[in-house]
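**Q** Supplied structure: model.cif, mmCIF, C-alpha atoms and all ligand atoms.
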data_run
#
loop_
_atom_site.label_atom_id
_atom_site.label_comp_id
_atom_site.auth_asym_id
_atom_site.auth_seq_id
_atom_site.Cartn_x
_atom_site.Cartn_y
_atom_site.Cartn_z
CA MET A 1 1.63 15.78 22.29
CA TYR A 2 3.55 12.59 21.50
CA SER A 3 6.64 11.22 23.21
CA GLU A 4 9.90 10.90 21.33
CA THR A 5 9.48 7.14 21.40
CA VAL A 6 6.08 7.36 19.74
CA MET A 7 7.47 9.67 17.08
CA ASP A 8 10.43 7.34 16.52
CA HIS A 9 8.22 4.27 16.08
CA PHE A 10 5.87 6.23 13.84
CA ALA A 11 8.65 7.60 11.65
CA ASN A 12 10.74 4.39 11.68
CA PRO A 13 8.31 1.59 12.39
CA ARG A 14 9.86 -1.79 13.19
CA ASN A 15 8.58 -5.05 11.76
CA VAL A 16 6.49 -3.61 8.94
CA GLY A 17 5.32 -6.13 6.39
CA GLU A 18 4.05 -9.66 6.17
CA ILE A 19 5.42 -13.08 7.07
CA ASP A 20 5.25 -15.72 4.36
CA HIS A 21 3.21 -18.67 5.58
CA PRO A 22 2.52 -17.19 9.02
CA ASP A 23 1.55 -19.49 11.87
CA GLY A 24 -0.98 -17.00 13.15
CA VAL A 25 -2.68 -13.93 11.71
CA GLY A 26 -4.88 -11.44 13.48
CA GLU A 27 -6.78 -8.70 11.73
CA VAL A 28 -8.68 -6.21 13.80
CA GLY A 29 -10.39 -2.94 13.16
CA ASN A 30 -11.77 -0.05 15.08
CA PRO A 31 -15.29 0.59 13.83
CA VAL A 32 -15.23 4.15 15.13
CA CYS A 33 -12.20 5.48 13.27
CA GLY A 34 -12.07 2.78 10.59
CA ASP A 35 -8.41 1.95 11.21
CA ILE A 36 -7.24 -1.59 10.53
CA MET A 37 -4.30 -3.57 11.89
CA LYS A 38 -3.02 -6.95 10.81
CA ILE A 39 -0.50 -8.90 12.89
CA PHE A 40 1.52 -11.85 11.53
CA LEU A 41 3.26 -14.33 13.80
CA GLN A 42 5.87 -16.98 13.21
CA ILE A 43 5.77 -19.44 16.08
CA GLU A 44 8.18 -22.21 16.98
CA ASN A 45 7.81 -24.41 20.06
CA ASP A 46 5.16 -22.12 21.54
CA ARG A 47 7.42 -19.11 21.17
CA ILE A 48 7.06 -16.12 18.85
CA VAL A 49 10.21 -16.07 16.76
CA ASP A 50 9.04 -13.32 14.43
CA ALA A 51 6.23 -10.78 14.28
CA LYS A 52 5.26 -8.33 11.60
CA PHE A 53 2.39 -5.96 11.02
CA LYS A 54 0.50 -3.98 8.45
CA THR A 55 -1.50 -1.08 9.81
CA PHE A 56 -3.82 1.17 7.90
CA GLY A 57 -4.31 3.66 10.63
CA CYS A 58 -3.25 6.68 12.59
CA GLY A 59 0.27 7.42 13.78
CA ALA A 60 -0.46 6.13 17.28
CA ALA A 61 -1.73 2.85 15.82
CA ILE A 62 1.41 2.48 13.70
CA ALA A 63 3.66 3.25 16.67
CA SER A 64 1.63 0.83 18.82
CA SER A 65 1.95 -1.99 16.30
CA SER A 66 5.65 -1.33 15.91
CA MET A 67 6.24 -1.41 19.66
CA ALA A 68 3.87 -4.32 20.25
CA THR A 69 5.62 -6.52 17.68
CA GLU A 70 8.96 -5.62 19.26
CA LEU A 71 7.64 -6.53 22.70
CA ILE A 72 6.28 -9.94 21.75
CA LYS A 73 9.22 -11.19 19.70
CA GLY A 74 10.97 -13.92 21.65
CA LYS A 75 8.12 -14.32 24.10
CA THR A 76 6.10 -17.46 24.69
CA LEU A 77 2.47 -17.29 23.61
CA GLU A 78 1.37 -16.94 27.21
CA GLU A 79 3.78 -14.09 27.79
CA ALA A 80 2.73 -12.38 24.57
CA TRP A 81 -0.94 -12.74 25.48
CA ALA A 82 -0.21 -10.90 28.71
CA VAL A 83 1.20 -7.87 26.86
CA SER A 84 -1.61 -5.40 27.41
CA ASN A 85 -2.36 -2.28 25.48
CA LYS A 86 -1.29 -0.42 28.62
CA ALA A 87 2.10 -2.12 28.49
CA VAL A 88 2.45 -1.07 24.85
CA ALA A 89 1.52 2.51 25.72
CA GLU A 90 3.97 2.54 28.63
CA ALA A 91 6.75 1.21 26.42
CA LEU A 92 5.97 4.10 24.09
CA GLU A 93 6.41 6.44 27.06
CA GLY A 94 2.74 7.18 27.06
CA LEU A 95 -0.04 7.99 24.67
CA PRO A 96 -2.49 10.86 25.00
CA PRO A 97 -5.72 9.62 26.65
CA ILE A 98 -7.66 10.17 23.45
CA LYS A 99 -5.20 7.89 21.65
CA MET A 100 -5.14 5.02 24.14
CA HIS A 101 -7.71 3.17 22.06
CA CYS A 102 -5.16 2.93 19.25
CA SER A 103 -2.99 0.73 21.45
CA VAL A 104 -6.00 -1.51 22.06
CA LEU A 105 -5.83 -2.53 18.40
CA ALA A 106 -2.34 -3.92 19.00
CA GLU A 107 -3.44 -6.00 21.98
CA GLU A 108 -6.46 -7.29 20.10
CA GLY A 109 -4.42 -8.03 16.99
CA ILE A 110 -1.91 -10.07 18.97
CA HIS A 111 -4.68 -11.95 20.76
CA LYS A 112 -6.42 -12.71 17.53
CA ALA A 113 -3.22 -13.93 15.88
CA ILE A 114 -2.47 -16.18 18.86
CA ASN A 115 -5.97 -17.61 18.78
CA ASP A 116 -5.69 -18.12 15.04
CA TYR A 117 -2.64 -20.26 15.76
CA ARG A 118 -4.40 -22.11 18.59
CA GLU A 119 -7.48 -22.84 16.50
CA LYS A 120 -5.35 -24.10 13.62
CA HIS A 121 -3.81 -26.54 16.08
CA GLY A 122 -7.14 -27.70 17.47
CA LEU A 123 -6.74 -25.80 20.72
CA GLU A 124 -9.43 -23.87 22.54
CA PRO A 125 -9.02 -20.15 21.89
CA TRP A 126 -8.11 -18.05 24.87
CA VAL A 127 -10.69 -15.56 26.04
CA GLU A 128 -10.34 -11.82 26.15
CA THR A 129 -10.50 -10.64 29.72
CA GLY A 130 -10.86 -6.94 29.08
CA HIS A 131 -8.44 -4.24 28.18
CA HIS A 132 -6.36 -2.47 30.71
CA HIS A 133 -6.77 1.13 29.77
CA GLY A 134 -9.64 2.21 31.89
CA GLU A 135 -11.86 1.19 34.72
CA GLU A 136 -13.13 -1.92 33.00
CA PRO A 137 -12.96 -5.10 35.01
CA ALA A 138 -9.65 -6.85 34.54
CA SER A 139 -11.18 -10.27 34.34
CA GLU A 140 -14.38 -12.20 34.30
CA PRO A 141 -15.14 -15.35 36.19
CA ASN A 142 -15.17 -18.70 34.41
CA THR A 143 -13.03 -17.73 31.47
CA GLN A 144 -10.29 -19.78 29.97
CA VAL A 145 -7.07 -17.90 30.11
CA PRO A 146 -3.49 -18.78 29.33
CA GLY A 147 -2.10 -21.21 31.82
CA SER A 148 -5.37 -23.02 32.17
CA ASP A 149 -6.32 -25.58 29.61
CA THR A 150 -9.36 -26.56 31.59
CA LYS A 151 -12.28 -26.57 29.26
CA LYS A 152 -14.95 -24.11 30.30
CA SER A 153 -18.44 -23.58 29.01
CA GLU A 154 -19.22 -22.82 25.39
CA MET A 155 -20.31 -19.40 26.55
CA ASN A 156 -16.73 -18.52 27.16
CA ARG A 157 -15.25 -19.35 23.85
CA GLY A 158 -12.88 -16.73 22.61
CA PRO A 159 -12.91 -14.38 19.69
CA ILE A 160 -14.79 -15.66 16.71
CA LYS A 161 -13.09 -16.32 13.41
CA GLY A 162 -13.50 -13.75 10.71
CA TYR A 163 -13.14 -10.07 10.44
CA GLU A 164 -13.12 -8.28 13.73
CA THR A 165 -16.16 -6.06 13.87
CA ARG A 166 -16.72 -6.23 17.59
CA SER A 167 -16.84 -2.78 19.05
CA VAL A 168 -14.94 -1.99 22.18
CA SER A 169 -16.07 0.54 24.71
CA TYR A 170 -13.20 2.90 25.08
CA GLN A 171 -12.42 5.01 28.09
CA GLU A 172 -11.07 8.21 26.75
S1 LIG A 201 -7.43 6.84 15.48
FE1 LIG A 201 -7.91 4.83 14.76
S2 LIG A 201 -6.46 3.58 15.70
FE2 LIG A 201 -5.82 5.57 16.18
#
Take the structure in the file and give it back as structure tokens.

**A**
Amino acid sequence: MYSETVMDHFANPRNVGEIDHPDGVGEVGNPVCGDIMKIFLQIENDRIVDAKFKTFGCGAAIASSSMATELIKGKTLEEAWAVSNKAVAEALEGLPPIKMHCSVLAEEGIHKAINDYREKHGLEPWVETGHHHGEEPASEPNTQVPGSDTKKSEMNRGPIKGYETRSVSYQE
């Protein structure tokens, strides 16, 4: 059912733990299964120099957080924002369709941690443009995305501070 890479990252997860005094933290949850993921970022000069995670969740969520933190280390914030759940799943050599939603937690956790950093620095949070695991639209018009610091309408402000309770419509 799972690839060797998934099993490896589940059995030997990379980057488990917390970062002392993180520059950005993102905690997200899946209201359907109840799993929770917390991503910690250390950021220097707009670049992620360290990333760690704590995941209370299924094996696919643990493997996804392990791989996702590996993928974003060394990347700029813009590059890390662009790491989709699909990219995480591909790096894991695939996830079963019913488990693709677990990788969404990793994408959301990274986004939330980046926006936590941006908000702490008085910057407009970037806006989610949809996950890339199904037939959902890849983007919406008039949203502020990385690479554009043009201020858009208040309607398009990004994820709200606080515990992530927003439900996501999964394509399974
Ligand atoms: S079943 Fe909840 S994240 Fe995988």

**Q** Would you mind reading off the distance between CA of Thr129 (chain A) and CA of Tyr2 (chain A), one decimal, in Å?

**A** 28.4 Å

**Q** Would you list the residues that come within 7 Å of ligand LIG 201 (chain A)? Count all atoms listed in the file and give the answer as a PyMOL selection string.

**A** chain A and resi 30+33-35+57-61+99+101-102+105

**Q** Which of these, A:Met37, A:Ile48, A:Ala80, A:Met1, has the shortest distance to Val16 (chain A) once you count all atoms listed in the file?

**A**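 Checking each of A:Met37, A:Ile48, A:Ala80, A:Met1 against Val16 (chain A), counting all atoms listed in the file, the winner is A:Met37.
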
**Q** Could you make a table, as JSON lines, of the residues of region 80-127 of chain A that have an atom within 10 Å of an atom of region 65-73 of chain A, each with its nearest atom pair and distance in Å to one decimal, counting all atoms listed in the file, in chain and number order?

**A**
{"residue": "A:Ala80", "atom": "CA", "partner": "A:Ile72", "partner_atom": "CA", "distance": 5.1}
{"residue": "A:Trp81", "atom": "CA", "partner": "A:Ile72", "partner_atom": "CA", "distance": 8.6}
{"residue": "A:Ala82", "atom": "CA", "partner": "A:Ile72", "partner_atom": "CA", "distance": 9.6}
{"residue": "A:Val83", "atom": "CA", "partner": "A:Ile72", "partner_atom": "CA", "distance": 7.5}
{"residue": "A:Ser84", "atom": "CA", "partner": "A:Ala68", "partner_atom": "CA", "distance": 9.1}
{"residue": "A:Asn85", "atom": "CA", "partner": "A:Ala68", "partner_atom": "CA", "distance": 8.4}
{"residue": "A:Ala87", "atom": "CA", "partner": "A:Ala68", "partner_atom": "CA", "distance": 8.7}
{"residue": "A:Val88", "atom": "CA", "partner": "A:Ala68", "partner_atom": "CA", "distance": 5.8}
{"residue": "A:Ala89", "atom": "CA", "partner": "A:Met67", "partner_atom": "CA", "distance": 8.6}
{"residue": "A:Ala91", "atom": "CA", "partner": "A:Met67", "partner_atom": "CA", "distance": 7.3}
{"residue": "A:Leu92", "atom": "CA", "partner": "A:Met67", "partner_atom": "CA", "distance": 7.1}
{"residue": "A:Cys102", "atom": "CA", "partner": "A:Ser65", "partner_atom": "CA", "distance": 9.1}
{"residue": "A:Ser103", "atom": "CA", "partner": "A:Ser65", "partner_atom": "CA", "distance": 7.6}
{"residue": "A:Val104", "atom": "CA", "partner": "A:Ser65", "partner_atom": "CA", "distance": 9.8}
{"residue": "A:Leu105", "atom": "CA", "partner": "A:Ser65", "partner_atom": "CA", "distance": 8.1}
{"residue": "A:Ala106", "atom": "CA", "partner": "A:Ser65", "partner_atom": "CA", "distance": 5.4}
{"residue": "A:Glu107", "atom": "CA", "partner": "A:Ala68", "partner_atom": "CA", "distance": 7.7}
{"residue": "A:Gly109", "atom": "CA", "partner": "A:Ser65", "partner_atom": "CA", "distance": 8.8}
{"residue": "A:Ile110", "atom": "CA", "partner": "A:Ala68", "partner_atom": "CA", "distance": 8.3}

**Q** Name the closest residue to Glu124 (chain A) among the candidates A:Glu108, A:Gly26, A:Thr5, A:Pro146; distances are taken between atoms, counting all atoms listed in the file.

**A**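 Smallest separation from Glu124 (chain A) among the options: A:Pro146.
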
**Q** Counting all atoms listed in the file, what is within 8 Å of Tyr117 (chain A), bar same-chain residues fewer than 6 positions away, as a PDB file with C-alpha atoms, in the frame of the given file?

**A**
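What ended up in out25.pdb:
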ATOM      1  CA  ASP A  23       1.550 -19.490  11.870  1.00  0.00           C
ATOM      2  CA  GLY A  24      -0.980 -17.000  13.150  1.00  0.00           C
ATOM      3  CA  VAL A  25      -2.680 -13.930  11.710  1.00  0.00           C
TER       4      VAL A  25
END

**Q** What is the CA of Val49 (chain A)-CA of Lys75 (chain A) distance in Å, reported with one decimal?

**A**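 For CA of Val49 (chain A) relative to CA of Lys75 (chain A), the distance reads 7.8 Å.
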
**Q** Kindly add N, CA and C atoms to the incomplete region 108-122 of chain A and provide the output as an mmCIF file, keeping the file's coordinate frame.

**A**
data_model
loop_
_atom_site.group_PDB
_atom_site.id
_atom_site.type_symbol
_atom_site.label_atom_id
_atom_site.label_comp_id
_atom_site.auth_asym_id
_atom_site.auth_seq_id
_atom_site.Cartn_x
_atom_site.Cartn_y
_atom_site.Cartn_z
ATOM 1 N N GLU A 108 -5.452 -6.423 20.732
ATOM 2 C CA GLU A 108 -6.460 -7.290 20.100
ATOM 3 C C GLU A 108 -5.871 -8.056 18.921
ATOM 4 N N GLY A 109 -5.017 -7.377 18.151
ATOM 5 C CA GLY A 109 -4.420 -8.030 16.990
ATOM 6 C C GLY A 109 -3.539 -9.197 17.399
ATOM 7 N N ILE A 110 -2.767 -8.993 18.468
ATOM 8 C CA ILE A 110 -1.910 -10.070 18.970
ATOM 9 C C ILE A 110 -2.776 -11.226 19.473
ATOM 10 N N HIS A 111 -3.808 -10.893 20.230
ATOM 11 C CA HIS A 111 -4.680 -11.950 20.760
ATOM 12 C C HIS A 111 -5.323 -12.736 19.623
ATOM 13 N N LYS A 112 -5.757 -12.025 18.619
ATOM 14 C CA LYS A 112 -6.420 -12.710 17.530
ATOM 15 C C LYS A 112 -5.445 -13.600 16.759
ATOM 16 N N ALA A 113 -4.227 -13.127 16.589
ATOM 17 C CA ALA A 113 -3.220 -13.930 15.880
ATOM 18 C C ALA A 113 -2.863 -15.172 16.697
ATOM 19 N N ILE A 114 -2.766 -15.024 18.006
ATOM 20 C CA ILE A 114 -2.470 -16.180 18.860
ATOM 21 C C ILE A 114 -3.612 -17.180 18.790
ATOM 22 N N ASN A 115 -4.835 -16.683 18.838
ATOM 23 C CA ASN A 115 -5.970 -17.610 18.780
ATOM 24 C C ASN A 115 -6.107 -18.241 17.396
ATOM 25 N N ASP A 116 -5.704 -17.529 16.377
ATOM 26 C CA ASP A 116 -5.690 -18.120 15.040
ATOM 27 C C ASP A 116 -4.761 -19.326 15.040
ATOM 28 N N TYR A 117 -3.603 -19.158 15.653
ATOM 29 C CA TYR A 117 -2.640 -20.260 15.760
ATOM 30 C C TYR A 117 -3.236 -21.403 16.580
ATOM 31 N N ARG A 118 -3.847 -21.073 17.722
ATOM 32 C CA ARG A 118 -4.400 -22.110 18.590
ATOM 33 C C ARG A 118 -5.500 -22.890 17.867
ATOM 34 N N GLU A 119 -6.370 -22.161 17.186
ATOM 35 C CA GLU A 119 -7.480 -22.840 16.500
ATOM 36 C C GLU A 119 -6.952 -23.743 15.382
ATOM 37 N N LYS A 120 -5.927 -23.274 14.686
ATOM 38 C CA LYS A 120 -5.350 -24.100 13.620
ATOM 39 C C LYS A 120 -4.750 -25.385 14.181
ATOM 40 N N HIS A 121 -4.404 -25.357 15.458
ATOM 41 C CA HIS A 121 -3.810 -26.540 16.080
ATOM 42 C C HIS A 121 -4.822 -27.277 16.960
ATOM 43 N N GLY A 122 -6.099 -26.974 16.754
ATOM 44 C CA GLY A 122 -7.140 -27.700 17.470
ATOM 45 C C GLY A 122 -7.231 -27.360 18.947
#
